[in-house]
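Participant: My structure is stored as target.txt, with compact mmCIF, C-alpha atoms (C1' of nucleotides).
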```txt
# COMPACT_ATOMS: atom_id res chain seq x y z
CA MET B 790 8.36 -22.71 -42.06
CA SER B 791 7.50 -21.33 -38.65
CA GLU B 792 9.74 -19.40 -36.34
CA LEU B 793 12.19 -21.23 -34.20
CA TYR B 794 10.94 -19.55 -31.06
CA ILE B 795 7.64 -18.19 -29.87
CA ARG B 796 7.24 -15.44 -27.35
CA VAL B 797 5.61 -16.40 -24.09
CA ALA B 798 4.89 -14.37 -20.99
CA GLU B 799 3.22 -14.97 -17.69
CA ASP B 800 1.10 -11.91 -18.12
CA GLU B 801 0.40 -9.49 -20.89
CA ASN B 802 2.41 -6.78 -19.26
CA GLU B 803 5.37 -9.00 -18.55
CA GLU B 804 8.46 -9.24 -20.65
CA PRO B 805 8.09 -12.30 -22.87
CA MET B 806 10.49 -15.21 -22.93
CA GLU B 807 11.35 -17.12 -26.07
CA ILE B 808 10.34 -20.76 -26.10
CA PRO B 809 11.64 -23.14 -28.78
CA SER B 810 9.25 -24.73 -31.24
CA GLU B 811 9.58 -28.17 -32.77
CA ASP B 812 10.54 -28.98 -36.35
CA ASP B 813 6.91 -29.33 -37.38
CA GLY B 814 6.09 -25.87 -36.04
CA THR B 815 4.36 -27.05 -32.88
CA VAL B 816 5.44 -26.19 -29.36
CA LEU B 817 5.58 -28.74 -26.61
CA LEU B 818 3.72 -27.88 -23.44
CA SER B 819 6.71 -29.30 -21.61
CA SER B 820 8.89 -26.64 -23.23
CA VAL B 821 6.60 -23.99 -21.84
CA ALA B 822 6.40 -25.67 -18.46
CA ALA B 823 10.17 -25.83 -18.30
CA GLN B 824 10.21 -22.04 -18.06
CA PHE B 825 6.82 -21.58 -16.41
CA PRO B 826 6.37 -24.39 -13.92
CA GLY B 827 2.78 -25.45 -13.55
CA ALA B 828 1.72 -24.13 -16.95
CA CYS B 829 -1.15 -26.05 -18.52
CA GLY B 830 -1.62 -24.16 -21.77
CA LEU B 831 -1.31 -20.92 -23.69
CA ARG B 832 -3.64 -18.17 -24.77
CA TYR B 833 -3.26 -15.02 -26.79
CA ARG B 834 -5.16 -11.89 -27.62
CA ASN B 835 -6.76 -12.05 -31.02
CA PRO B 836 -5.80 -8.81 -32.78
CA GLU B 837 -9.10 -8.87 -34.64
CA SER B 838 -11.54 -9.25 -31.79
CA GLN B 839 -9.27 -8.16 -28.93
CA CYS B 840 -10.50 -11.22 -27.10
CA MET B 841 -8.29 -13.82 -25.53
CA ARG B 842 -8.10 -17.08 -27.42
CA GLY B 843 -6.87 -20.42 -26.33
CA VAL B 844 -4.12 -22.25 -28.17
CA ARG B 845 -5.03 -25.73 -29.35
CA LEU B 846 -3.47 -28.36 -27.14
CA VAL B 847 -3.41 -32.02 -28.16
CA GLU B 848 -1.61 -34.53 -26.05
CA GLY B 849 0.94 -32.13 -24.73
CA VAL B 850 1.51 -30.47 -28.09
CA LEU B 851 0.56 -26.85 -28.71
CA HIS B 852 -0.53 -26.03 -32.22
CA ALA B 853 -0.05 -22.64 -33.83
CA PRO B 854 -3.25 -20.76 -34.57
CA GLU B 855 -3.71 -20.57 -38.36
CA ASN B 856 -0.53 -22.67 -38.57
CA ASP B 857 1.57 -19.65 -37.78
CA TRP B 858 2.66 -18.44 -34.37
CA GLY B 859 3.37 -15.00 -35.79
CA SER B 860 4.91 -12.42 -33.55
CA LEU B 861 2.17 -12.46 -30.94
CA VAL B 862 2.95 -12.77 -27.28
CA TYR B 863 1.39 -15.87 -25.80
CA VAL B 864 0.25 -15.87 -22.24
CA VAL B 865 0.69 -18.83 -19.95
CA ASN B 866 -2.35 -20.60 -18.58
CA TYR B 867 -2.26 -22.09 -15.13
CA PRO B 868 -4.72 -24.45 -13.55
CA LYS B 869 -7.52 -22.61 -11.81
CA GLY B 870 -6.44 -21.39 -8.41
CA GLU B 871 -2.84 -21.81 -9.34
CA LYS B 872 -3.03 -18.73 -11.49
CA LEU B 873 -4.44 -16.60 -8.75
CA LYS B 874 -1.62 -17.73 -6.60
CA MET B 875 0.94 -16.55 -9.12
CA GLU B 876 -0.75 -13.20 -9.45
CA GLU B 877 -0.86 -12.79 -5.76
CA ILE B 878 2.81 -13.54 -5.53
CA ASP B 879 3.58 -11.00 -8.24
CA ALA B 880 1.46 -8.33 -6.68
CA ALA B 881 2.74 -9.04 -3.22
CA SER B 882 6.34 -8.96 -4.31
CA ALA B 883 5.78 -5.74 -6.21
CA VAL B 884 4.49 -4.21 -3.05
CA LYS B 885 7.27 -5.73 -1.05
CA VAL B 886 9.97 -4.33 -3.29
CA LYS B 887 8.69 -0.86 -2.73
CA ARG B 888 8.11 -1.54 0.89
CA GLY B 889 11.81 -1.91 1.23
CA PHE B 890 12.03 1.82 0.75
CA GLN B 891 9.22 2.67 3.10
CA LYS B 892 10.57 4.66 5.93
CA THR B 893 9.25 4.08 9.38
CA SER B 894 7.95 6.96 11.40
CA ASP B 895 7.51 7.79 15.03
CA LEU B 896 4.29 6.50 16.49
CA ILE B 897 2.52 8.11 19.36
CA VAL B 898 1.54 5.76 22.17
CA LEU B 899 -1.61 6.94 23.89
CA GLY B 900 -3.00 5.83 27.17
CA LEU B 901 0.14 4.81 29.02
CA PRO B 902 -0.10 4.16 32.73
CA TRP B 903 1.62 6.85 34.80
CA LYS B 904 4.12 4.34 36.02
CA THR B 905 5.26 3.08 32.64
CA THR B 906 8.89 3.83 31.89
CA GLU B 907 10.81 3.92 28.65
CA GLN B 908 12.37 0.62 29.55
CA ASP B 909 8.90 -0.84 29.97
CA LEU B 910 7.94 0.49 26.58
CA LYS B 911 11.02 -0.91 24.96
CA ASP B 912 10.54 -4.28 26.55
CA TYR B 913 6.95 -4.45 25.42
CA PHE B 914 7.39 -3.28 21.84
CA SER B 915 10.49 -5.36 21.27
CA THR B 916 8.24 -8.38 21.12
CA PHE B 917 6.95 -7.01 17.79
CA GLY B 918 10.26 -6.15 16.20
CA GLU B 919 13.38 -4.10 16.57
CA VAL B 920 12.73 -0.89 18.45
CA ILE B 921 14.99 2.03 17.61
CA MET B 922 13.46 4.72 19.82
CA VAL B 923 11.12 5.04 22.75
CA GLN B 924 10.08 8.08 24.70
CA VAL B 925 7.77 8.74 27.58
CA LYS B 926 6.67 12.34 27.76
CA ARG B 927 6.94 13.81 31.24
CA GLN B 928 6.22 17.02 32.99
CA THR B 929 8.96 19.01 34.67
CA ASN B 930 8.31 17.22 37.90
CA GLY B 931 9.06 13.98 36.18
CA ASN B 932 5.55 12.68 36.08
CA SER B 933 4.47 10.92 32.96
CA LYS B 934 2.01 12.71 30.74
CA GLY B 935 0.55 9.35 29.91
CA PHE B 936 1.79 9.16 26.37
CA GLY B 937 4.99 8.53 24.54
CA PHE B 938 6.54 7.70 21.23
CA VAL B 939 8.06 4.65 19.66
CA ARG B 940 9.87 3.98 16.43
CA PHE B 941 10.59 0.65 14.82
CA ALA B 942 13.29 -0.44 12.44
CA ASP B 943 10.92 -2.12 10.02
CA TYR B 944 7.84 -0.79 8.37
CA GLU B 945 6.14 -4.17 8.66
CA THR B 946 6.50 -4.00 12.40
CA GLN B 947 5.08 -0.52 12.48
CA THR B 948 2.08 -1.59 10.44
CA LYS B 949 1.44 -4.50 12.74
CA VAL B 950 1.68 -2.37 15.84
CA ILE B 951 -0.72 0.26 14.53
CA ALA B 952 -3.23 -2.39 13.62
CA GLN B 953 -3.91 -3.52 17.15
CA ARG B 954 -4.47 -2.31 20.68
CA HIS B 955 -1.84 -2.85 23.29
CA MET B 956 -2.09 -3.92 26.90
CA ILE B 957 0.76 -2.12 28.59
CA ASP B 958 1.19 -2.37 32.35
CA GLY B 959 -2.51 -3.02 32.77
CA ARG B 960 -3.97 -0.42 30.45
CA TRP B 961 -5.12 -0.53 26.86
CA CYS B 962 -3.02 1.74 24.71
CA ASP B 963 -3.21 2.85 21.09
CA CYS B 964 -0.38 3.48 18.67
CA LYS B 965 -1.06 5.98 15.92
CA HIS B 966 0.62 8.28 13.50
CA PRO B 967 1.13 11.49 15.43
CA ASN B 968 -0.70 14.60 14.36
CA SER B 969 2.08 16.92 15.28
CA LYS B 970 4.01 18.68 12.60
CA MET B 971 7.31 17.98 14.16
CA CYS B 972 8.36 15.35 11.72
CA PRO B 973 6.27 14.88 8.63
CA ASP B 974 8.57 12.21 7.36
CA GLU B 975 5.65 10.72 5.51
CA PRO B 976 5.11 13.01 2.56
CA MET B 977 1.55 12.02 1.72
CA ARG B 978 0.28 8.54 1.67
CA SER B 979 -2.89 8.33 -0.23
CA ARG B 980 -4.81 5.12 -0.43
CA LYS B 981 -6.30 6.32 -3.67
CA ILE B 982 -4.70 5.99 -7.09
CA PHE B 983 -5.41 7.76 -10.34
CA VAL B 984 -5.93 5.38 -13.25
CA GLY B 985 -5.22 7.18 -16.50
CA ARG B 986 -5.94 6.13 -20.07
CA CYS B 987 -9.05 4.18 -19.13
CA THR B 988 -11.40 3.16 -21.90
CA GLU B 989 -15.12 3.63 -21.75
CA ASP B 990 -15.86 -0.08 -21.64
CA MET B 991 -14.08 -0.57 -18.34
CA THR B 992 -16.70 -1.00 -15.69
CA PRO B 993 -16.21 -0.26 -12.00
CA ASP B 994 -16.60 -3.95 -11.32
CA GLU B 995 -13.92 -4.88 -13.81
CA LEU B 996 -11.53 -2.38 -12.31
CA ARG B 997 -12.27 -3.73 -8.88
CA GLN B 998 -11.70 -7.27 -10.04
CA TYR B 999 -8.43 -6.31 -11.63
CA PHE B 1000 -7.00 -4.31 -8.75
CA MET B 1001 -8.09 -6.84 -6.14
CA GLN B 1002 -4.98 -8.83 -6.95
CA TYR B 1003 -2.87 -6.13 -5.35
CA GLY B 1004 -4.88 -5.68 -2.21
CA GLU B 1005 -8.27 -4.96 -0.76
CA VAL B 1006 -10.12 -2.41 -2.85
CA THR B 1007 -12.44 -0.16 -0.86
CA ASP B 1008 -13.71 2.08 -3.64
CA VAL B 1009 -13.79 2.49 -7.39
CA PHE B 1010 -14.90 5.76 -8.88
CA ILE B 1011 -15.34 6.46 -12.58
CA PRO B 1012 -16.30 10.07 -13.29
CA LYS B 1013 -19.24 10.52 -15.59
CA PRO B 1014 -19.47 11.56 -18.29
CA PHE B 1015 -16.54 9.49 -19.48
CA ARG B 1016 -13.22 11.23 -18.99
CA ALA B 1017 -10.74 8.41 -19.59
CA PHE B 1018 -9.66 8.06 -16.01
CA ALA B 1019 -10.80 6.49 -12.79
CA PHE B 1020 -9.94 6.41 -9.12
CA VAL B 1021 -9.32 3.26 -7.15
CA THR B 1022 -8.96 3.29 -3.39
CA PHE B 1023 -7.23 0.53 -1.48
CA ALA B 1024 -7.54 -0.36 2.16
CA ASP B 1025 -3.78 -0.16 2.46
CA ASP B 1026 -1.91 2.96 1.43
CA GLN B 1027 1.19 0.90 0.79
CA VAL B 1028 -0.54 -0.97 -1.97
CA ALA B 1029 -1.65 2.26 -3.58
CA GLN B 1030 1.79 3.78 -3.34
CA ALA B 1031 3.46 0.66 -4.67
CA LEU B 1032 1.42 0.85 -7.84
CA CYS B 1033 2.12 4.49 -8.55
CA GLY B 1034 4.17 5.00 -11.67
CA GLU B 1035 3.25 1.60 -13.08
CA ASP B 1036 1.78 0.96 -16.48
CA LEU B 1037 -0.71 -1.85 -16.12
CA ILE B 1038 -2.58 -3.75 -18.78
CA ILE B 1039 -6.32 -3.94 -18.25
CA LYS B 1040 -8.36 -5.63 -20.93
CA GLY B 1041 -5.44 -5.24 -23.27
CA ILE B 1042 -5.22 -1.52 -22.61
CA SER B 1043 -2.22 0.08 -20.98
CA VAL B 1044 -3.37 2.30 -18.18
CA HIS B 1045 -1.08 4.54 -16.18
CA ILE B 1046 -1.19 4.66 -12.42
CA SER B 1047 -0.30 7.75 -10.51
CA ASN B 1048 -1.05 9.34 -7.21
CA ALA B 1049 -4.55 10.66 -6.84
CA GLU B 1050 -3.70 14.23 -6.04
CA PRO B 1051 -6.18 15.59 -3.58
CA LYS B 1052 -7.97 18.42 -5.27
CA HIS B 1053 -7.93 21.90 -3.82
CA ASN B 1054 -11.20 21.32 -2.03
CA ASN B 1055 -9.65 18.41 -0.21
CA SER B 1056 -12.72 17.45 1.67
CA ARG B 1057 -12.35 13.85 2.58
CA GLN B 1058 -8.82 12.74 1.86
CA MET B 1059 -7.46 14.70 4.76
CA MET B 1060 -10.38 14.35 7.09
CA ASP B 1061 -10.55 10.65 6.43
CA ARG B 1062 -7.86 9.84 8.87
CA GLY B 1063 -6.48 12.70 10.82
CA ARG B 1064 -2.95 11.66 10.27
CA PHE B 1065 0.26 12.99 8.85
CA GLY B 1066 -0.20 16.19 10.67
CA VAL B 1067 -2.23 18.15 8.21
CA CYS B 1068 -5.12 20.06 9.65
CA PRO B 1069 -7.30 21.18 6.74
CA LEU B 1070 -8.57 24.16 8.63
CA GLY B 1071 -5.27 25.23 10.00
CA ARG B 1072 -4.20 24.74 13.57
CA GLN B 1073 -7.07 23.85 15.72
CA ARG B 1074 -5.33 22.43 18.68
CA GLY B 1075 -4.41 24.69 21.50
CA THR B 1076 -1.45 26.61 20.24
CA LYS B 1077 -0.71 29.34 22.61
CA ARG B 1078 1.91 31.48 21.07
CA PRO B 1079 2.47 34.44 23.37
CA GLY B 1080 3.65 36.90 20.76
CA GLY B 1081 1.13 35.73 18.23
CA GLY B 1082 4.08 35.17 15.96
CA MET B 1083 3.63 32.75 13.11
CA MET B 1084 5.57 29.59 13.48
CA ARG B 1085 6.51 27.85 10.28
CA SER B 1086 4.67 24.59 10.23
CA ARG B 1087 6.13 22.62 7.35
CA ARG B 1088 9.45 21.35 8.42
CA VAL B 1089 11.53 18.59 7.10
CA CYS B 1090 13.51 16.83 9.67
C1' DG X 1097 1.00 13.97 46.14
C1' DT X 1098 -4.23 14.92 41.58
C1' DT X 1099 -5.62 13.13 35.85
C1' DG X 1100 -7.26 9.63 31.29
C1' DA X 1101 -8.33 12.58 25.98
C1' DG X 1102 -4.76 13.79 23.57
C1' DC X 1103 0.02 14.96 20.14
C1' DG X 1104 6.48 15.33 20.92
C1' DT X 1105 10.27 21.55 26.25
C1' DT X 1106 15.66 21.01 24.70
```
Output the file's structure in the form of structure tokens.

Facilitator:
Amino acid sequence: MSELYIRVAEDENEEPMEIPSEDDGTVLLSSVAAQFPGACGLRYRNPESQCMRGVRLVEGVLHAPENDWGSLVYVVNYPKGEKLKMEEIDAASAVKVKRGFQKTSDLIVLGLPWKTTEQDLKDYFSTFGEVIMVQVKRQTNGNSKGFGFVRFADYETQTKVIAQRHMIDGRWCDCKHPNSKMCPDEPMRSRKIFVGRCTEDMTPDELRQYFMQYGEVTDVFIPKPFRAFAFVTFADDQVAQALCGEDLIIKGISVHISNAEPKHNNSRQMMDRGRFGVCPLGRQRGTKRPGGGMMRSRRVC
DNA sequence: GTTGAGCGTT
């Protein structure tokens, strides 16, 4: 009568897995749990109402809605709390996968004591992770200019180092992305994503709730009147970048995530954090070029 | 030989 297998997935946008049904058309919860450890039930989206519906569960036996499993994809239920955990793992691993490709970049170290040497720098920063480059900038007489550069092997290390202040040889120092245009090895890391194919019933709060699973959301903007897209800003640019290119399912709707291209009148995106070496108003820092000749600024190293 | 917010001689 019924199919031999029903299609089950951990999330609506996941590829389903086929789970065997019993002779009488029911499905054992244990069969589901065998593939999805911790599962406590199933739900599905009712094609009529577009609402999620629970699957009847009696003593470990799942019963087909309307006595027919049909070709719907059933979504695994987890005990409260457990589910969040799974989502967090998914989101975190998604970010992590892309993190693997995140290049590190040179960081400027500001506020160094005059006496600090490159060896000192290396010794200090090695406690955070593998250091692949250190520099202390000096004048021709050999005196330190009080700043330097450092580069780490791993992006995680870099992130950690930027996030805190550093006591080096008795002075507090800061590590930042340099403003210089010498090496813009970070193309453009926006913390804001463009969410395409939105429907009008998606509220800012719902979007926030949904995207929270990937990381801290600092802003949600839905242009009005309705234009079928929205902007979501994360605290962490890595999270935003990791999501770009993805098709995500929100309220049963497939939305497309892409980079929020800063519009021509890039007012805040660039000003926000003066990083990645782009001065909106052109060079402002003292650039004394004797001949007045134009130096090409965009360089790929 | 000095200094203390910043931005990298090759």

Participant: Under the rule that only C-alpha atoms (C1' of nucleotides) are counted, which of B:Leu831, B:Tyr913, B:Glu807, B:Lys934 is the nearest residue to DT1099 in chain X?

Facilitator: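 Closest to DT1099 in chain X of all the choices is B:Lys934.
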
Participant: Please report as JSON lines every residue of chain B lying within 9 Å of chain X, along with the nearest atom pair and their distance in Å (one decimal), using all atoms listed in the file.

Facilitator:
```
{"residue": "B:Ile897", "atom": "CA", "partner": "X:DC1103", "partner_atom": "C1'", "distance": 7.3}
{"residue": "B:Leu899", "atom": "CA", "partner": "X:DG1102", "partner_atom": "C1'", "distance": 7.5}
{"residue": "B:Gly900", "atom": "CA", "partner": "X:DG1100", "partner_atom": "C1'", "distance": 7.0}
{"residue": "B:Gln924", "atom": "CA", "partner": "X:DG1104", "partner_atom": "C1'", "distance": 8.9}
{"residue": "B:Lys926", "atom": "CA", "partner": "X:DG1104", "partner_atom": "C1'", "distance": 7.5}
{"residue": "B:Thr929", "atom": "CA", "partner": "X:DT1105", "partner_atom": "C1'", "distance": 8.9}
{"residue": "B:Gly935", "atom": "CA", "partner": "X:DG1100", "partner_atom": "C1'", "distance": 7.9}
{"residue": "B:Phe936", "atom": "CA", "partner": "X:DG1102", "partner_atom": "C1'", "distance": 8.5}
{"residue": "B:Gly937", "atom": "CA", "partner": "X:DG1104", "partner_atom": "C1'", "distance": 7.8}
{"residue": "B:Phe938", "atom": "CA", "partner": "X:DG1104", "partner_atom": "C1'", "distance": 7.6}
{"residue": "B:Pro967", "atom": "CA", "partner": "X:DC1103", "partner_atom": "C1'", "distance": 6.0}
{"residue": "B:Asn968", "atom": "CA", "partner": "X:DC1103", "partner_atom": "C1'", "distance": 5.8}
{"residue": "B:Ser969", "atom": "CA", "partner": "X:DC1103", "partner_atom": "C1'", "distance": 5.6}
{"residue": "B:Met971", "atom": "CA", "partner": "X:DG1104", "partner_atom": "C1'", "distance": 7.3}
```

Participant: Could you give me, as a PDB file with C-alpha atoms, in the frame of the given file, the residues within 12 Å of range 849-854 of chain B, counting all atoms listed in the file and dropping anything in the same chain fewer than 3 positions from it?

Facilitator:
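Result file is part.pdb:
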```
ATOM      1  CA  MET B 790       8.360 -22.710 -42.060  1.00  0.00           C
ATOM      2  CA  SER B 791       7.500 -21.330 -38.650  1.00  0.00           C
ATOM      3  CA  GLU B 792       9.740 -19.400 -36.340  1.00  0.00           C
ATOM      4  CA  TYR B 794      10.940 -19.550 -31.060  1.00  0.00           C
ATOM      5  CA  ILE B 795       7.640 -18.190 -29.870  1.00  0.00           C
ATOM      6  CA  ILE B 808      10.340 -20.760 -26.100  1.00  0.00           C
ATOM      7  CA  PRO B 809      11.640 -23.140 -28.780  1.00  0.00           C
ATOM      8  CA  SER B 810       9.250 -24.730 -31.240  1.00  0.00           C
ATOM      9  CA  GLU B 811       9.580 -28.170 -32.770  1.00  0.00           C
ATOM     10  CA  ASP B 813       6.910 -29.330 -37.380  1.00  0.00           C
ATOM     11  CA  GLY B 814       6.090 -25.870 -36.040  1.00  0.00           C
ATOM     12  CA  THR B 815       4.360 -27.050 -32.880  1.00  0.00           C
ATOM     13  CA  VAL B 816       5.440 -26.190 -29.360  1.00  0.00           C
ATOM     14  CA  LEU B 817       5.580 -28.740 -26.610  1.00  0.00           C
ATOM     15  CA  LEU B 818       3.720 -27.880 -23.440  1.00  0.00           C
ATOM     16  CA  SER B 819       6.710 -29.300 -21.610  1.00  0.00           C
ATOM     17  CA  SER B 820       8.890 -26.640 -23.230  1.00  0.00           C
ATOM     18  CA  VAL B 821       6.600 -23.990 -21.840  1.00  0.00           C
ATOM     19  CA  ALA B 822       6.400 -25.670 -18.460  1.00  0.00           C
ATOM     20  CA  ALA B 828       1.720 -24.130 -16.950  1.00  0.00           C
ATOM     21  CA  CYS B 829      -1.150 -26.050 -18.520  1.00  0.00           C
ATOM     22  CA  GLY B 830      -1.620 -24.160 -21.770  1.00  0.00           C
ATOM     23  CA  LEU B 831      -1.310 -20.920 -23.690  1.00  0.00           C
ATOM     24  CA  ARG B 832      -3.640 -18.170 -24.770  1.00  0.00           C
ATOM     25  CA  TYR B 833      -3.260 -15.020 -26.790  1.00  0.00           C
ATOM     26  CA  ARG B 834      -5.160 -11.890 -27.620  1.00  0.00           C
ATOM     27  CA  ASN B 835      -6.760 -12.050 -31.020  1.00  0.00           C
ATOM     28  CA  ARG B 842      -8.100 -17.080 -27.420  1.00  0.00           C
ATOM     29  CA  GLY B 843      -6.870 -20.420 -26.330  1.00  0.00           C
ATOM     30  CA  VAL B 844      -4.120 -22.250 -28.170  1.00  0.00           C
ATOM     31  CA  ARG B 845      -5.030 -25.730 -29.350  1.00  0.00           C
ATOM     32  CA  LEU B 846      -3.470 -28.360 -27.140  1.00  0.00           C
ATOM     33  CA  ASP B 857       1.570 -19.650 -37.780  1.00  0.00           C
ATOM     34  CA  TRP B 858       2.660 -18.440 -34.370  1.00  0.00           C
ATOM     35  CA  GLY B 859       3.370 -15.000 -35.790  1.00  0.00           C
ATOM     36  CA  SER B 860       4.910 -12.420 -33.550  1.00  0.00           C
ATOM     37  CA  LEU B 861       2.170 -12.460 -30.940  1.00  0.00           C
ATOM     38  CA  TYR B 863       1.390 -15.870 -25.800  1.00  0.00           C
ATOM     39  CA  VAL B 865       0.690 -18.830 -19.950  1.00  0.00           C
TER      40      VAL B 865
END
```

Participant: Please put the answer as lines of an AutoDock Vina configuration file: centre and edge lengths, in Å with one decimal, of a box along x, y and z that encloses all listed atoms of chain X plus 3 Å on each side.

Facilitator:
```
center_x = 3.7
center_y = 15.6
center_z = 33.1
size_x = 30.0
size_y = 17.9
size_z = 32.0
```

Participant: Could you state the separation of CA of Gly1041 in chain B and CA of Asp1025 in chain B in Å, given to one decimal place?

Facilitator: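 Taking CA of Gly1041 in chain B as the start and CA of Asp1025 in chain B as the end point, the length is 26.3 Å.
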
Participant: So the first atom is CA of Cys962 in chain B and the second is CA of Val898 in chain B; what is the distance between them in Å, to one decimal place?

Facilitator: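 Separating CA of Cys962 in chain B from CA of Val898 in chain B is a distance of 6.6 Å.
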
Participant: Record the distance separating CA of Leu1032 in chain B and CA of Asn1048 in chain B, expressed in Å with one decimal.

Facilitator: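 According to the coordinates, CA of Leu1032 in chain B and CA of Asn1048 in chain B are separated by 8.9 Å.
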
Participant: Starting from the incomplete input, reconstruct N, CA and C atoms of range 829-847 of chain B and write that as a CSV table (one decimal), in the coordinates of the input.

Facilitator:
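And here's out02.csv as it stands now:
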```csv
chain,number,residue,atom,x,y,z
B,829,CYS,N,-0.3,-25.0,-17.9
B,829,CYS,CA,-1.2,-26.0,-18.5
B,829,CYS,C,-1.6,-25.7,-19.9
B,830,GLY,N,-1.2,-24.5,-20.4
B,830,GLY,CA,-1.6,-24.2,-21.8
B,830,GLY,C,-1.2,-22.7,-22.1
B,831,LEU,N,-1.6,-22.3,-23.3
B,831,LEU,CA,-1.3,-20.9,-23.7
B,831,LEU,C,-2.6,-20.2,-24.2
B,832,ARG,N,-2.6,-18.9,-24.2
B,832,ARG,CA,-3.6,-18.2,-24.8
B,832,ARG,C,-3.0,-16.9,-25.4
B,833,TYR,N,-3.8,-16.2,-26.2
B,833,TYR,CA,-3.3,-15.0,-26.8
B,833,TYR,C,-4.4,-14.1,-27.1
B,834,ARG,N,-4.1,-12.8,-27.3
B,834,ARG,CA,-5.2,-11.9,-27.6
B,834,ARG,C,-5.3,-11.8,-29.1
B,835,ASN,N,-6.5,-12.1,-29.6
B,835,ASN,CA,-6.8,-12.0,-31.0
B,835,ASN,C,-6.8,-10.6,-31.5
B,836,PRO,N,-5.9,-10.2,-32.4
B,836,PRO,CA,-5.8,-8.8,-32.8
B,836,PRO,C,-7.1,-8.3,-33.4
B,837,GLU,N,-7.8,-9.2,-34.0
B,837,GLU,CA,-9.1,-8.9,-34.6
B,837,GLU,C,-10.2,-8.5,-33.6
B,838,SER,N,-10.4,-9.4,-32.7
B,838,SER,CA,-11.5,-9.2,-31.8
B,838,SER,C,-11.1,-8.7,-30.5
B,839,GLN,N,-9.8,-8.6,-30.2
B,839,GLN,CA,-9.3,-8.2,-28.9
B,839,GLN,C,-9.7,-9.1,-27.8
B,840,CYS,N,-10.2,-10.3,-28.1
B,840,CYS,CA,-10.5,-11.2,-27.1
B,840,CYS,C,-9.3,-12.2,-26.9
B,841,MET,N,-9.3,-12.8,-25.8
B,841,MET,CA,-8.3,-13.8,-25.5
B,841,MET,C,-8.7,-15.1,-26.2
B,842,ARG,N,-7.8,-15.8,-26.8
B,842,ARG,CA,-8.1,-17.1,-27.4
B,842,ARG,C,-7.2,-18.1,-26.9
B,843,GLY,N,-7.7,-19.3,-26.8
B,843,GLY,CA,-6.9,-20.4,-26.3
B,843,GLY,C,-6.1,-21.0,-27.5
B,844,VAL,N,-4.9,-21.6,-27.2
B,844,VAL,CA,-4.1,-22.2,-28.2
B,844,VAL,C,-4.5,-23.7,-28.1
B,845,ARG,N,-4.7,-24.3,-29.3
B,845,ARG,CA,-5.0,-25.7,-29.4
B,845,ARG,C,-3.9,-26.6,-28.7
B,846,LEU,N,-4.4,-27.5,-27.8
B,846,LEU,CA,-3.5,-28.4,-27.1
B,846,LEU,C,-3.9,-29.8,-27.3
B,847,VAL,N,-3.1,-30.6,-28.0
B,847,VAL,CA,-3.4,-32.0,-28.2
B,847,VAL,C,-2.3,-32.9,-27.6
```
